[in-house]
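Colleague: Dropping in my_file-v8.tsv, with TSV, C-alpha atoms.
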```tsv
chain	number	residue	atom	x	y	z
A	27	MET	CA	-6.27	5.81	21.13
A	28	GLY	CA	-6.17	7.11	17.55
A	29	ILE	CA	-3.64	6.08	14.92
A	30	LEU	CA	-2.09	9.58	14.94
A	31	GLN	CA	-2.00	9.98	18.71
A	32	GLY	CA	0.78	12.36	19.74
A	33	LYS	CA	1.76	13.29	16.19
A	34	SER	CA	2.03	16.79	14.74
A	35	ILE	CA	0.84	17.24	11.17
A	36	LEU	CA	1.09	20.21	8.79
A	37	VAL	CA	-1.80	20.32	6.31
A	38	THR	CA	-1.66	22.64	3.30
A	39	GLY	CA	-4.46	23.56	0.93
A	40	VAL	CA	-7.47	23.88	3.23
A	41	LEU	CA	-9.80	26.37	1.56
A	42	THR	CA	-13.32	25.01	2.07
A	43	ASP	CA	-14.89	22.28	4.17
A	44	SER	CA	-15.59	20.33	0.98
A	45	SER	CA	-11.89	19.86	0.26
A	46	ILE	CA	-9.99	16.64	0.80
A	47	ALA	CA	-7.42	18.60	2.81
A	48	PHE	CA	-10.05	19.82	5.27
A	49	HIS	CA	-11.21	16.28	5.94
A	50	ILE	CA	-7.62	15.09	6.32
A	51	ALA	CA	-7.16	17.76	8.99
A	52	ARG	CA	-10.45	16.82	10.65
A	53	LEU	CA	-9.75	13.09	10.68
A	54	ALA	CA	-6.16	13.66	11.80
A	55	GLN	CA	-7.43	15.55	14.83
A	56	GLU	CA	-9.99	12.86	15.55
A	57	GLU	CA	-7.17	10.32	15.42
A	58	GLY	CA	-5.17	12.22	18.00
A	59	ALA	CA	-2.92	14.55	15.99
A	60	THR	CA	-2.08	18.17	16.58
A	61	VAL	CA	-2.79	19.90	13.27
A	62	ILE	CA	-1.30	23.07	11.83
A	63	LEU	CA	-2.75	24.57	8.65
A	64	SER	CA	-0.99	26.74	6.11
A	65	SER	CA	-2.35	29.29	3.71
A	66	TYR	CA	-1.19	32.44	1.94
A	67	GLY	CA	-2.16	35.84	0.64
A	68	ARG	CA	-5.77	36.64	0.06
A	69	VAL	CA	-7.04	33.17	0.97
A	70	MET	CA	-5.52	33.28	4.49
A	71	SER	CA	-8.76	34.67	5.89
A	72	LEU	CA	-10.75	31.93	4.18
A	73	THR	CA	-8.54	29.20	5.64
A	74	THR	CA	-8.72	30.79	9.09
A	75	ARG	CA	-12.50	30.84	8.95
A	76	ILE	CA	-12.73	27.23	7.77
A	77	ALA	CA	-10.29	26.17	10.50
A	78	GLY	CA	-13.02	27.10	12.96
A	79	ARG	CA	-15.07	24.17	11.67
A	80	LEU	CA	-12.49	21.61	12.74
A	81	PRO	CA	-13.08	19.63	15.95
A	82	ASN	CA	-10.22	21.51	17.66
A	83	PRO	CA	-8.67	24.95	17.08
A	84	ALA	CA	-5.85	24.80	14.52
A	85	PRO	CA	-3.35	27.61	13.95
A	86	VAL	CA	-2.88	28.89	10.40
A	87	ILE	CA	0.63	29.89	9.32
A	88	GLU	CA	1.48	31.77	6.14
A	89	LEU	CA	3.19	29.70	3.46
A	90	ASP	CA	3.39	30.38	-0.26
A	91	VAL	CA	5.39	27.44	-1.64
A	92	THR	CA	6.68	29.60	-4.51
A	93	ASN	CA	8.11	32.14	-2.06
A	94	GLN	CA	11.62	31.24	-0.88
A	95	GLU	CA	11.38	33.52	2.15
A	96	HIS	CA	8.25	31.71	3.30
A	97	LEU	CA	9.94	28.34	2.84
A	98	VAL	CA	12.96	29.43	4.86
A	99	ALA	CA	10.69	30.75	7.62
A	100	LEU	CA	8.62	27.57	7.84
A	101	VAL	CA	10.68	25.99	10.63
A	102	SER	CA	10.40	28.99	12.93
A	103	LYS	CA	6.68	29.45	12.22
A	104	VAL	CA	5.90	25.79	12.96
A	105	LYS	CA	8.00	25.88	16.15
A	106	GLU	CA	5.76	28.63	17.48
A	107	HIS	CA	3.14	25.91	17.86
A	108	VAL	CA	4.87	22.49	18.00
A	109	PRO	CA	8.51	21.41	18.46
A	110	HIS	CA	8.60	19.10	15.45
A	111	LEU	CA	6.54	17.55	12.65
A	112	ASP	CA	5.67	13.91	12.08
A	113	GLY	CA	3.85	14.47	8.81
A	114	VAL	CA	3.08	16.91	6.02
A	115	VAL	CA	0.15	16.95	3.62
A	116	HIS	CA	0.79	18.46	0.19
A	117	SER	CA	-2.58	19.52	-1.16
A	118	ILE	CA	-1.38	22.15	-3.61
A	119	GLY	CA	-2.14	22.53	-7.28
A	120	PHE	CA	-2.76	25.31	-9.75
A	121	ALA	CA	-2.70	25.85	-13.49
A	122	PRO	CA	-3.52	29.13	-15.25
A	123	GLU	CA	-6.72	29.18	-17.25
A	124	ALA	CA	-4.73	29.07	-20.50
A	125	ALA	CA	-3.24	25.72	-19.47
A	126	LEU	CA	-6.62	24.00	-19.19
A	127	GLY	CA	-9.77	23.48	-21.20
A	128	GLY	CA	-8.49	22.03	-24.47
A	129	ASN	CA	-5.82	24.64	-25.19
A	130	PHE	CA	-2.93	22.18	-24.83
A	131	LEU	CA	-1.27	22.90	-28.18
A	132	ASN	CA	-1.36	26.66	-27.73
A	133	THR	CA	-0.35	27.10	-24.07
A	134	ALA	CA	2.66	29.35	-23.56
A	135	TRP	CA	5.63	28.14	-21.55
A	136	GLU	CA	5.06	30.76	-18.85
A	137	ASP	CA	1.69	29.19	-18.03
A	138	VAL	CA	3.11	25.67	-18.20
A	139	ALA	CA	5.97	26.66	-15.90
A	140	THR	CA	3.52	28.03	-13.34
A	141	ALA	CA	1.50	24.82	-13.37
A	142	ILE	CA	4.58	22.66	-12.90
A	143	GLN	CA	6.17	24.82	-10.22
A	144	VAL	CA	3.03	25.12	-8.10
A	145	SER	CA	1.67	21.62	-8.64
A	146	ALA	CA	4.83	19.46	-8.79
A	147	TYR	CA	8.07	21.20	-7.83
A	148	SER	CA	6.34	22.45	-4.70
A	149	LEU	CA	6.30	18.88	-3.33
A	150	LYS	CA	10.09	19.02	-3.24
A	151	SER	CA	10.13	22.62	-1.94
A	152	LEU	CA	7.68	21.88	0.87
A	153	THR	CA	9.35	18.62	1.87
A	154	MET	CA	12.80	20.17	2.03
A	155	ALA	CA	11.53	23.18	3.97
A	156	ALA	CA	9.92	20.86	6.54
A	157	ARG	CA	12.86	18.44	6.65
A	158	PRO	CA	14.62	20.07	9.64
A	159	LEU	CA	11.42	19.56	11.65
A	160	PHE	CA	11.33	15.79	11.13
A	161	GLY	CA	12.55	13.45	13.84
A	162	ASP	CA	13.43	9.77	13.51
A	163	SER	CA	10.70	9.27	10.93
A	164	ALA	CA	8.16	11.28	8.97
A	165	SER	CA	5.46	10.84	6.36
A	166	VAL	CA	4.76	13.22	3.48
A	167	VAL	CA	1.49	12.62	1.65
A	168	GLY	CA	0.50	14.41	-1.56
A	169	LEU	CA	-2.84	14.51	-3.36
A	170	ASP	CA	-2.76	13.31	-6.94
A	171	PHE	CA	-5.01	12.67	-9.93
A	172	ASP	CA	-4.02	9.66	-12.05
A	173	ALA	CA	-1.53	10.89	-14.67
A	174	THR	CA	-1.03	7.65	-16.59
A	175	VAL	CA	-3.55	8.69	-19.24
A	176	ALA	CA	-4.68	11.90	-20.95
A	177	TRP	CA	-7.94	13.29	-19.56
A	178	PRO	CA	-10.42	15.59	-21.33
A	179	LYS	CA	-9.64	19.29	-20.80
A	180	TYR	CA	-7.04	18.55	-18.06
A	181	ASP	CA	-4.16	19.41	-20.39
A	182	TRP	CA	-1.04	20.82	-18.70
A	183	MET	CA	-2.36	20.06	-15.23
A	184	GLY	CA	-2.20	16.43	-16.29
A	185	VAL	CA	1.44	16.95	-17.24
A	186	ALA	CA	2.04	18.63	-13.88
A	187	LYS	CA	0.49	15.67	-12.08
A	188	ALA	CA	2.79	13.33	-13.99
A	189	ALA	CA	5.69	15.48	-12.79
A	190	LEU	CA	4.29	15.30	-9.25
A	191	GLU	CA	4.26	11.50	-9.41
A	192	SER	CA	7.83	11.37	-10.66
A	193	THR	CA	8.94	13.91	-8.05
A	194	SER	CA	7.48	11.76	-5.29
A	195	ARG	CA	9.51	8.75	-6.44
A	196	TYR	CA	12.78	10.67	-6.50
A	197	LEU	CA	12.08	12.15	-3.09
A	198	ALA	CA	11.32	8.67	-1.80
A	199	ARG	CA	14.66	7.50	-3.14
A	200	ASP	CA	16.73	10.32	-1.67
A	201	LEU	CA	14.96	10.69	1.69
A	202	GLY	CA	14.36	7.03	2.42
A	203	PRO	CA	17.69	6.71	4.28
A	204	GLU	CA	16.35	9.33	6.73
A	205	ASN	CA	13.18	7.27	7.22
A	206	ILE	CA	11.09	9.91	5.49
A	207	ARG	CA	8.27	8.34	3.50
A	208	ILE	CA	6.80	10.04	0.42
A	209	ASN	CA	3.49	8.77	-0.93
A	210	LEU	CA	0.58	10.05	-3.01
A	211	VAL	CA	-3.16	9.47	-2.86
A	212	ALA	CA	-4.68	9.46	-6.36
A	213	ALA	CA	-8.29	10.35	-5.72
A	214	GLY	CA	-11.15	10.18	-8.13
A	215	PRO	CA	-12.92	13.45	-9.02
A	216	ILE	CA	-14.30	15.42	-6.07
A	217	ARG	CA	-16.38	18.59	-6.33
A	218	THR	CA	-13.91	20.95	-4.70
A	219	MET	CA	-12.97	24.56	-5.35
A	220	ALA	CA	-10.07	23.32	-7.47
A	221	ALA	CA	-12.39	21.12	-9.53
A	222	LYS	CA	-14.60	24.08	-10.32
A	223	SER	CA	-11.67	25.71	-12.12
A	224	ILE	CA	-11.40	22.77	-14.55
A	225	PRO	CA	-13.52	23.33	-17.69
A	226	GLY	CA	-15.69	20.32	-18.45
A	227	PHE	CA	-15.41	18.79	-14.99
A	228	ASP	CA	-18.75	17.08	-15.58
A	229	GLU	CA	-17.01	14.88	-18.17
A	230	PHE	CA	-14.94	13.37	-15.34
A	231	GLU	CA	-18.13	12.64	-13.42
A	232	LYS	CA	-19.60	10.78	-16.39
A	233	VAL	CA	-16.46	8.65	-16.80
A	234	TRP	CA	-16.56	7.57	-13.16
A	235	ASN	CA	-20.30	6.90	-13.17
A	236	ASP	CA	-19.89	4.67	-16.23
A	237	ARG	CA	-16.66	2.82	-15.46
A	238	SER	CA	-15.87	2.73	-11.75
A	239	PRO	CA	-16.59	-0.76	-10.34
A	240	LEU	CA	-17.28	0.71	-6.90
A	241	ALA	CA	-19.95	3.40	-6.74
A	242	TRP	CA	-18.26	6.82	-6.78
A	243	ASP	CA	-19.64	9.93	-5.09
A	244	VAL	CA	-18.08	13.14	-6.37
A	245	SER	CA	-19.36	14.99	-3.31
A	246	ASP	CA	-17.60	12.71	-0.79
A	247	PRO	CA	-13.95	13.56	-0.04
A	248	VAL	CA	-13.77	11.31	3.03
A	249	PRO	CA	-12.46	8.08	1.39
A	250	ALA	CA	-9.42	9.91	0.01
A	251	ALA	CA	-8.91	11.71	3.33
A	252	LYS	CA	-8.97	8.41	5.22
A	253	ALA	CA	-6.28	7.00	2.91
A	254	ALA	CA	-4.07	10.04	3.54
A	255	VAL	CA	-4.49	9.74	7.30
A	256	ALA	CA	-3.58	6.05	7.13
A	257	LEU	CA	-0.38	6.91	5.22
A	258	LEU	CA	0.46	9.55	7.81
A	259	SER	CA	0.22	6.93	10.53
A	260	ASP	CA	2.66	4.21	11.57
A	261	TRP	CA	0.53	1.59	9.82
A	262	PHE	CA	2.56	1.99	6.61
A	263	PRO	CA	6.10	2.00	8.02
A	264	LYS	CA	7.78	0.53	4.94
A	265	THR	CA	5.67	2.09	2.19
A	266	THR	CA	7.23	4.89	0.15
A	267	GLY	CA	7.20	6.01	-3.46
A	268	GLU	CA	3.67	4.63	-3.67
A	269	ILE	CA	0.56	5.97	-5.39
A	270	LEU	CA	-2.48	4.76	-3.49
A	271	HIS	CA	-5.56	4.93	-5.70
A	272	VAL	CA	-8.81	5.93	-4.06
A	273	ASP	CA	-10.92	6.12	-7.19
A	274	GLY	CA	-13.47	3.34	-6.88
A	275	GLY	CA	-11.13	1.06	-8.83
A	276	LEU	CA	-11.40	2.90	-12.14
A	277	HIS	CA	-7.63	2.96	-12.66
A	278	ALA	CA	-7.65	-0.85	-12.91
A	279	MET	CA	-10.37	-1.04	-15.57
A	280	GLY	CA	-9.93	-1.25	-19.34
A	281	ALA	CA	-12.11	0.42	-21.94
```
Let me see the file written as structure tokens.
Modeller:
Amino acid sequence: MGILQGKSILVTGVLTDSSIAFHIARLAQEEGATVILSSYGRVMSLTTRIAGRLPNPAPVIELDVTNQEHLVALVSKVKEHVPHLDGVVHSIGFAPEAALGGNFLNTAWEDVATAIQVSAYSLKSLTMAARPLFGDSASVVGLDFDATVAWPKYDWMGVAKAALESTSRYLARDLGPENIRINLVAAGPIRTMAAKSIPGFDEFEKVWNDRSPLAWDVSDPVPAAKAAVALLSDWFPKTTGEILHVDGGLHAMGA
């Protein structure tokens, strides 16, 4: 019997089968969960097609986390498929081109606001929208990239990730009494669709190749996905407000 046997999990952010989110969904199914995917707008068809590569059929519901009507409708859309949720995966992040690539000092507030709303505030929006679906306990897991330092070219997305980390701690504080756990998985760099939008992504690869004590494979999203599935399970019943690093140990190394 798998560690997610009988659980229902909502997974956001599945766009390609190289994404961490896709492998979370795949492993969750293999561990016994019923999985629902969400997508929005023009990429809905892409998510629906990729869903066909999962071990079991997974419905795709429409959810734009910046759209209040979508957030309000989440409960009814989920209940078309399952009566409740035991877990939610937040795999959502976006920054306009002007907010990346070494333009930090010149980025306009409108672009910064977009990055923070989509990449950080959405953790709160998604969690609160799903809250009525939670039973006696639930686990929310977000995907992170270590925001304790400044990275080359990452710019305002780095700031947004710092906001994501802080948001997760405040959510853990306020939802802990309801036995809702909020944790993040800080993965090392993975060659995903999102990574391709980051100018100079190869600089991240070089850092990890040089400094990570465990060998790091930028084409392997499975280690991070396994960590997320573990956090979704009952094996971490008293862990919340945590950032679990799956980065080959680089975060613990000095210069």
Colleague: Could you pull the residues within 9 Å of Gly67 in chain A, counting all atoms listed in the file, minus those fewer than 3 positions along the same chain, as a PDB file with C-alpha atoms, in the frame of the given file?
Modeller:
```pdb
ATOM      1  CA  MET A  70      -5.520  33.280   4.490  1.00  0.00           C
ATOM      2  CA  SER A  71      -8.760  34.670   5.890  1.00  0.00           C
ATOM      3  CA  GLU A  88       1.480  31.770   6.140  1.00  0.00           C
ATOM      4  CA  LEU A  89       3.190  29.700   3.460  1.00  0.00           C
ATOM      5  CA  ASP A  90       3.390  30.380  -0.260  1.00  0.00           C
TER       6      ASP A  90
END
```
Colleague: Ser45 in chain A: which residues within 12 Å, counting all atoms listed in the file, same-chain residues fewer than 3 positions away excluded, as an MDAnalysis selection string?
Modeller: chainID A and resid 37:42 48:52 73 76 117:118 169 213 215:222 244:251
Colleague: Can you spit out the residues from that selection as an mmCIF file, keeping the file's coordinate frame, using C-alpha atoms?
Modeller:
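Result file follows (out-v8.cif):
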```
data_model
loop_
_atom_site.group_PDB
_atom_site.id
_atom_site.type_symbol
_atom_site.label_atom_id
_atom_site.label_comp_id
_atom_site.auth_asym_id
_atom_site.auth_seq_id
_atom_site.Cartn_x
_atom_site.Cartn_y
_atom_site.Cartn_z
ATOM 1 C CA VAL A 37 -1.800 20.320 6.310
ATOM 2 C CA THR A 38 -1.660 22.640 3.300
ATOM 3 C CA GLY A 39 -4.460 23.560 0.930
ATOM 4 C CA VAL A 40 -7.470 23.880 3.230
ATOM 5 C CA LEU A 41 -9.800 26.370 1.560
ATOM 6 C CA THR A 42 -13.320 25.010 2.070
ATOM 7 C CA PHE A 48 -10.050 19.820 5.270
ATOM 8 C CA HIS A 49 -11.210 16.280 5.940
ATOM 9 C CA ILE A 50 -7.620 15.090 6.320
ATOM 10 C CA ALA A 51 -7.160 17.760 8.990
ATOM 11 C CA ARG A 52 -10.450 16.820 10.650
ATOM 12 C CA THR A 73 -8.540 29.200 5.640
ATOM 13 C CA ILE A 76 -12.730 27.230 7.770
ATOM 14 C CA SER A 117 -2.580 19.520 -1.160
ATOM 15 C CA ILE A 118 -1.380 22.150 -3.610
ATOM 16 C CA LEU A 169 -2.840 14.510 -3.360
ATOM 17 C CA ALA A 213 -8.290 10.350 -5.720
ATOM 18 C CA PRO A 215 -12.920 13.450 -9.020
ATOM 19 C CA ILE A 216 -14.300 15.420 -6.070
ATOM 20 C CA ARG A 217 -16.380 18.590 -6.330
ATOM 21 C CA THR A 218 -13.910 20.950 -4.700
ATOM 22 C CA MET A 219 -12.970 24.560 -5.350
ATOM 23 C CA ALA A 220 -10.070 23.320 -7.470
ATOM 24 C CA ALA A 221 -12.390 21.120 -9.530
ATOM 25 C CA LYS A 222 -14.600 24.080 -10.320
ATOM 26 C CA VAL A 244 -18.080 13.140 -6.370
ATOM 27 C CA SER A 245 -19.360 14.990 -3.310
ATOM 28 C CA ASP A 246 -17.600 12.710 -0.790
ATOM 29 C CA PRO A 247 -13.950 13.560 -0.040
ATOM 30 C CA VAL A 248 -13.770 11.310 3.030
ATOM 31 C CA PRO A 249 -12.460 8.080 1.390
ATOM 32 C CA ALA A 250 -9.420 9.910 0.010
ATOM 33 C CA ALA A 251 -8.910 11.710 3.330
#
```
Colleague: Counting all atoms listed in the file, note down every residue that has an atom within 12 Å of the point (5.3, 6.4, 2.3) (file coordinates), as a PyMOL selection string.
Modeller: chain A and resi 113-115+163-168+194-195+197-199+201-202+205-211+253-270
Colleague: Tell me which of A:Asn129, A:Thr92, A:Thr60, A:Ser192 sits closest to Tyr180 in chain A, counting all atoms listed in the file.
Modeller: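 Smallest separation from Tyr180 in chain A among the options: A:Asn129.
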Colleague: Please identify all polymer residues within 10 Å of His110 in chain A, counting only C-alpha atoms, omitting same-chain residues fewer than 2 positions from it, and present them as a PyMOL selection string.
Modeller: chain A and resi 33-35+101+104-105+107-108+112-113+156-161
Colleague: Mind writing the picked residues with C-alpha atoms as a PDB file, in the frame of the given file?
Modeller:
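This went into again.pdb:
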```pdb
ATOM      1  CA  LYS A  33       1.760  13.290  16.190  1.00  0.00           C
ATOM      2  CA  SER A  34       2.030  16.790  14.740  1.00  0.00           C
ATOM      3  CA  ILE A  35       0.840  17.240  11.170  1.00  0.00           C
ATOM      4  CA  VAL A 101      10.680  25.990  10.630  1.00  0.00           C
ATOM      5  CA  VAL A 104       5.900  25.790  12.960  1.00  0.00           C
ATOM      6  CA  LYS A 105       8.000  25.880  16.150  1.00  0.00           C
ATOM      7  CA  HIS A 107       3.140  25.910  17.860  1.00  0.00           C
ATOM      8  CA  VAL A 108       4.870  22.490  18.000  1.00  0.00           C
ATOM      9  CA  ASP A 112       5.670  13.910  12.080  1.00  0.00           C
ATOM     10  CA  GLY A 113       3.850  14.470   8.810  1.00  0.00           C
ATOM     11  CA  ALA A 156       9.920  20.860   6.540  1.00  0.00           C
ATOM     12  CA  ARG A 157      12.860  18.440   6.650  1.00  0.00           C
ATOM     13  CA  PRO A 158      14.620  20.070   9.640  1.00  0.00           C
ATOM     14  CA  LEU A 159      11.420  19.560  11.650  1.00  0.00           C
ATOM     15  CA  PHE A 160      11.330  15.790  11.130  1.00  0.00           C
ATOM     16  CA  GLY A 161      12.550  13.450  13.840  1.00  0.00           C
TER      17      GLY A 161
END
```
Colleague: Show which residues sit within 9 Å of Ile87 in chain A, as a PyMOL selection string. Count all atoms listed in the file, and ignore same-chain residues fewer than 4 positions away.
Modeller: chain A and resi 62-66+70+100+103-104
Colleague: Using only C-alpha atoms, pick whichever of A:Leu97, A:Trp234, A:Val185, A:Thr174 has the shortest atom-to-atom distance to Met154 in chain A.
Modeller: A:Leu97
Colleague: When you draw a straight line from CA of Arg237 in chain A to CA of Trp177 in chain A, how long is it in Å?
Modeller: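 Interatomic distance here is 14.2 Å.
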